[in-house]
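Colleague: Structure file protein23.cif, mmCIF, C-alpha atoms and all ligand atoms, is pasted below:
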```
data_target
#
loop_
_atom_site.label_atom_id
_atom_site.label_comp_id
_atom_site.auth_asym_id
_atom_site.auth_seq_id
_atom_site.Cartn_x
_atom_site.Cartn_y
_atom_site.Cartn_z
CA MET B 20 21.60 -5.74 -18.98
CA LYS B 21 19.69 -5.22 -22.20
CA ILE B 22 17.71 -8.28 -23.22
CA LYS B 23 16.02 -8.83 -26.56
CA LEU B 24 12.71 -10.63 -26.83
CA ASN B 25 13.05 -13.76 -28.86
CA LEU B 26 9.80 -14.61 -30.61
CA SER B 27 11.15 -17.64 -32.47
CA ASP B 28 9.91 -21.08 -31.45
CA LYS B 29 12.22 -23.02 -33.77
CA PRO B 30 14.24 -25.96 -32.36
CA TYR B 31 17.66 -25.23 -30.80
CA PRO B 32 20.20 -24.10 -31.78
CA ARG B 33 18.51 -21.01 -33.22
CA ARG B 34 19.89 -18.30 -35.45
CA CYS B 35 21.26 -15.27 -33.59
CA ALA B 36 19.71 -12.00 -34.76
CA GLU B 37 22.89 -10.18 -33.73
CA CYS B 38 25.74 -12.19 -35.34
CA ASN B 39 23.65 -14.41 -37.63
CA GLU B 40 25.30 -17.63 -36.34
CA ILE B 41 23.10 -20.65 -35.55
CA ALA B 42 24.35 -20.79 -31.97
CA VAL B 43 21.49 -19.70 -29.68
CA GLN B 44 20.87 -22.18 -26.82
CA PRO B 45 18.98 -22.11 -23.50
CA ALA B 46 21.08 -20.63 -20.69
CA THR B 47 20.72 -18.97 -17.30
CA VAL B 48 22.01 -15.51 -16.44
CA SER B 49 21.95 -13.37 -13.33
CA TYR B 50 19.74 -10.44 -14.15
CA ASP B 51 19.25 -7.00 -12.66
CA ALA B 52 15.59 -6.31 -13.27
CA SER B 53 14.11 -2.85 -13.48
CA ILE B 54 10.36 -3.27 -13.77
CA LYS B 55 7.65 -0.63 -13.79
CA HIS B 56 4.62 -1.66 -11.76
CA ASP B 57 1.75 0.42 -10.33
CA GLY B 58 3.42 3.56 -11.70
CA LYS B 59 6.76 2.97 -9.95
CA VAL B 60 10.05 1.48 -11.13
CA HIS B 61 11.32 -1.42 -8.99
CA ASP B 62 14.93 -2.60 -9.11
CA PHE B 63 15.87 -6.06 -7.93
CA SER B 64 18.10 -8.99 -8.91
CA ILE B 65 17.15 -12.40 -10.23
CA ASP B 66 19.86 -14.99 -9.57
CA ARG B 67 19.19 -17.52 -12.29
CA LEU B 68 16.97 -16.21 -15.06
CA PRO B 69 16.34 -18.77 -17.83
CA VAL B 70 17.06 -17.14 -21.21
CA ASP B 71 18.33 -17.99 -24.67
CA GLN B 72 21.94 -17.00 -25.32
CA CYS B 73 24.18 -16.98 -28.37
CA GLY B 74 27.29 -19.14 -27.89
CA LYS B 75 29.28 -16.96 -30.30
CA CYS B 76 28.51 -13.32 -29.48
CA HIS B 77 26.81 -13.95 -26.07
CA GLU B 78 23.72 -11.92 -27.00
CA VAL B 79 20.88 -12.72 -24.57
CA TYR B 80 17.26 -13.27 -25.63
CA MET B 81 14.17 -13.31 -23.43
CA THR B 82 11.83 -16.32 -23.72
CA ASN B 83 8.28 -16.86 -22.40
CA GLU B 84 9.88 -18.75 -19.52
CA SER B 85 12.06 -15.69 -18.77
CA SER B 86 8.95 -13.48 -18.67
CA ARG B 87 7.17 -15.87 -16.31
CA LYS B 88 10.20 -16.08 -14.04
CA LYS B 89 10.52 -12.27 -14.08
CA SER B 90 6.88 -11.70 -13.08
CA ARG B 91 7.22 -14.32 -10.35
CA ALA B 92 10.34 -12.58 -9.01
CA LEU B 93 8.55 -9.22 -9.12
CA CYS B 94 5.63 -10.70 -7.15
CA GLU B 95 8.01 -12.11 -4.53
CA HIS B 96 9.87 -8.80 -4.36
CA LEU B 97 6.69 -6.75 -3.84
CA GLY B 98 4.64 -9.31 -1.89
CA LEU B 99 2.05 -9.68 -4.67
CA VAL B 100 -0.06 -12.77 -5.34
CA HIS B 101 1.47 -14.60 -8.29
CA ALA B 102 0.31 -17.04 -10.98
CA ASP B 103 1.09 -20.25 -9.08
CA ASP B 104 -0.73 -19.01 -5.95
CA ILE B 105 -3.83 -18.10 -7.96
CA ARG B 106 -3.90 -21.42 -9.81
CA ARG B 107 -3.40 -23.42 -6.59
CA LYS B 108 -6.04 -21.49 -4.64
CA LEU B 109 -8.63 -21.71 -7.44
CA SER B 110 -8.13 -25.45 -7.61
CA GLU B 111 -8.29 -25.86 -3.80
CA LEU B 112 -11.52 -23.87 -3.63
CA GLY B 113 -13.00 -25.41 -6.79
CA LEU B 114 -13.47 -21.97 -8.37
CA SER B 115 -13.16 -20.99 -12.02
CA GLN B 116 -11.17 -18.03 -13.37
CA ARG B 117 -14.47 -16.58 -14.55
CA CYS B 118 -15.84 -16.77 -11.02
CA LEU B 119 -12.78 -15.03 -9.55
CA ALA B 120 -12.99 -12.32 -12.23
CA SER B 121 -16.64 -11.66 -11.48
CA HIS B 122 -16.11 -11.53 -7.70
CA LEU B 123 -13.10 -9.18 -7.98
CA ARG B 124 -14.92 -7.03 -10.60
CA VAL B 125 -12.13 -7.45 -13.17
CA ALA B 126 -12.25 -8.76 -16.75
CA GLU B 127 -11.87 -12.51 -17.26
CA GLU B 128 -8.97 -11.68 -19.60
CA THR B 129 -7.19 -9.96 -16.69
CA VAL B 130 -7.39 -13.09 -14.51
CA SER B 131 -6.25 -15.21 -17.45
CA ARG B 132 -3.17 -12.97 -17.87
CA TRP B 133 -2.34 -13.26 -14.14
CA VAL B 134 -2.73 -17.05 -14.18
CA ASN B 135 -0.46 -17.34 -17.21
CA GLY B 136 2.16 -15.05 -15.68
CA LEU B 137 1.77 -12.46 -18.45
CA SER B 138 0.88 -9.68 -16.02
CA VAL B 139 0.83 -9.27 -12.24
CA PRO B 140 -1.99 -7.90 -10.10
CA SER B 141 -1.67 -4.47 -8.47
CA LYS B 142 -0.89 -4.28 -4.77
CA SER B 143 -4.50 -3.45 -3.87
CA LEU B 144 -5.92 -6.32 -5.94
CA SER B 145 -3.34 -8.63 -4.37
CA VAL B 146 -4.50 -7.64 -0.91
CA LEU B 147 -8.13 -8.16 -1.92
CA MET B 148 -7.29 -11.53 -3.48
CA GLN B 149 -5.44 -12.70 -0.34
CA LEU B 150 -8.49 -11.80 1.76
CA TYR B 151 -10.75 -13.48 -0.80
CA PHE B 152 -8.73 -16.70 -0.85
CA ASN B 153 -8.21 -16.93 2.91
CA LEU B 154 -11.52 -15.77 4.38
CA PRO B 155 -14.81 -17.53 3.53
CA GLU B 156 -16.71 -14.44 4.75
CA VAL B 157 -15.00 -12.27 2.12
CA ARG B 158 -15.79 -14.80 -0.62
CA GLN B 159 -19.38 -14.87 0.59
CA ALA B 160 -19.67 -11.07 0.64
CA LEU B 161 -18.11 -10.55 -2.79
CA SER B 162 -20.10 -13.34 -4.43
CA SER B 163 -23.46 -12.26 -3.00
CA ASP B 164 -22.76 -8.68 -4.00
CA SER B 165 -22.09 -9.84 -7.56
CA ALA B 166 -25.32 -11.84 -7.45
CA LEU B 167 -26.99 -8.55 -6.54
CA GLN B 168 -25.26 -6.90 -9.47
CA ALA B 169 -26.57 -9.62 -11.81
CA GLU B 170 -30.07 -9.19 -10.40
CA HIS B 171 -29.87 -5.46 -10.92
CA THR B 172 -28.64 -5.90 -14.50
CA GLU B 173 -31.57 -8.23 -15.16
CA MET B 174 -33.94 -5.65 -13.64
CA MET B 175 -32.49 -2.92 -15.88
CA ARG B 176 -32.82 -5.22 -18.87
CA ARG B 177 -36.51 -5.74 -18.14
CA SER B 178 -37.37 -2.13 -17.42
CA ILE B 179 -35.37 -0.44 -20.20
CA THR B 180 -36.03 -1.24 -23.82
CA ILE B 181 -33.28 1.02 -25.19
CA ASP B 182 -30.54 -0.88 -27.01
CA MET B 183 -27.78 -0.92 -24.37
CA SER B 184 -25.13 -1.77 -26.94
CA MET B 185 -25.34 1.83 -28.18
CA PRO B 186 -22.55 3.87 -26.57
CA SER B 187 -24.94 6.79 -25.92
CA ALA B 188 -27.36 4.46 -24.11
CA ARG B 189 -24.54 3.06 -21.98
CA SER B 190 -23.43 6.47 -20.82
CA ALA B 191 -27.00 7.59 -20.14
CA PHE B 192 -27.67 4.51 -17.99
CA PRO B 193 -24.44 3.53 -16.22
CA LEU B 194 -25.45 0.26 -14.55
CA ARG B 195 -23.00 0.59 -11.67
CA GLU B 196 -24.54 3.84 -10.49
CA PHE B 197 -27.98 2.34 -9.90
CA PRO B 198 -28.92 3.46 -6.35
CA GLU B 199 -28.48 0.90 -3.59
CA ALA B 200 -31.77 1.93 -1.92
CA THR B 201 -33.75 1.21 -5.10
CA LEU B 202 -32.16 -2.21 -5.34
CA ARG B 203 -33.07 -2.95 -1.73
CA ARG B 204 -36.69 -1.88 -2.29
CA GLN B 205 -36.86 -4.09 -5.36
CA ARG B 206 -35.52 -7.06 -3.38
CA GLU B 207 -37.97 -6.47 -0.55
CA PHE B 208 -40.80 -6.25 -3.01
CA GLU B 209 -39.79 -9.51 -4.67
CA LEU B 210 -39.57 -11.25 -1.30
CA ASN B 211 -42.83 -9.86 0.00
CA PRO B 212 -45.03 -8.33 -2.74
CA ALA B 213 -47.74 -7.33 -0.20
CA VAL B 214 -45.50 -4.69 1.45
ZN ZN B 301 25.30 -14.18 -31.80
#
```
Take the structure I supplied and represent it as C-alpha cells, if you would.
Ligand SMILES: [Zn+2]
Modeller:
Amino acid sequence: MKIKLNLSDKPYPRRCAECNEIAVQPATVSYDASIKHDGKVHDFSIDRLPVDQCGKCHEVYMTNESSRKKSRALCEHLGLVHADDIRRKLSELGLSQRCLASHLRVAEETVSRWVNGLSVPSKSLSVLMQLYFNLPEVRQALSSDSALQAEHTEMMRRSITIDMSMPSARSAFPLREFPEATLRRQREFELNPAV
C-alpha cells in the first residue's frame, strides 16, 4: 500500500489532496510495512495502523501517530528498544536524555528522536541500551568512562591553546585518540603528585 504523508494539522474533516473533497477523517487500516533499517529491508504487517483516510476516494494519509505506531511495530518485529521503553526506564532510573546520550556516546538529538518515536536505535545500540538499563555495573562502567572522557577533554583544553573550533585543529588533535596510558598517568599524578 502506498501511503502519502499528510503534513496538515487542520481540524477534521480535512481536504483530500487526491480528489479535493473535504472528506479526510481519522481511520485505521491494516498495513504491510516495508521498512529499511540497519541497511536491510524488513517486511511485516501492522494490524491496525492509525491513519487519515478520504471518505470519498479512500486515499490514505500518514500522520505523526502512524509514524510512531510504525516505528513501534518495527521495534517489536526486530526486538529493538522502543520509545516507550526508553522513556519508562529513564524515569525509573531518574536519568536524563542528556545523561543517556553521553553514556552511550551518541548525540543528544539522537536520543530525543528515539524517545519521540521519530527514529529507532540500531540493533547494536539496542543491545547496549538493554544492558545499560538492566545492569547497574554497565551503567557504572559507561558513566565513569565518560567522566574520564570529560577529564581528558579538560586536560586537552588546558594543555592546548589552539582554537579547537577550527576544523584543521580538530583533525590534528582528535580527542578520542588520546592514549589510554597517558590518561592513566595523568590520573595517577593527580591522585599522588609525589610519584
Ligand atoms: Zn479523496
Colleague: Counting all atoms listed in the file, which protein, DNA or RNA residues come within 12 Å of ligand ZN 301 (chain B), given as a PyMOL selection string?
Modeller: chain B and resi 23+32-44+71-80
Colleague: Grab the atom CA of Asp66 of chain B to atom CA of Ser49 of chain B distance for me, in Å with one decimal place.
Modeller: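 Atom CA of Ser49 of chain B lies 4.6 Å from atom CA of Asp66 of chain B.
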Colleague: Rounded to one decimal in Å, what is the spacing between atom CA of Ala102 of chain B and atom CA of Cys118 of chain B?
Modeller: 16.2 Å
Colleague: Hey, can you check how far atom CA of Lys108 of chain B sits from atom CA of Leu123 of chain B?
Modeller: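 Atom CA of Lys108 of chain B sits 14.6 Å away from atom CA of Leu123 of chain B.
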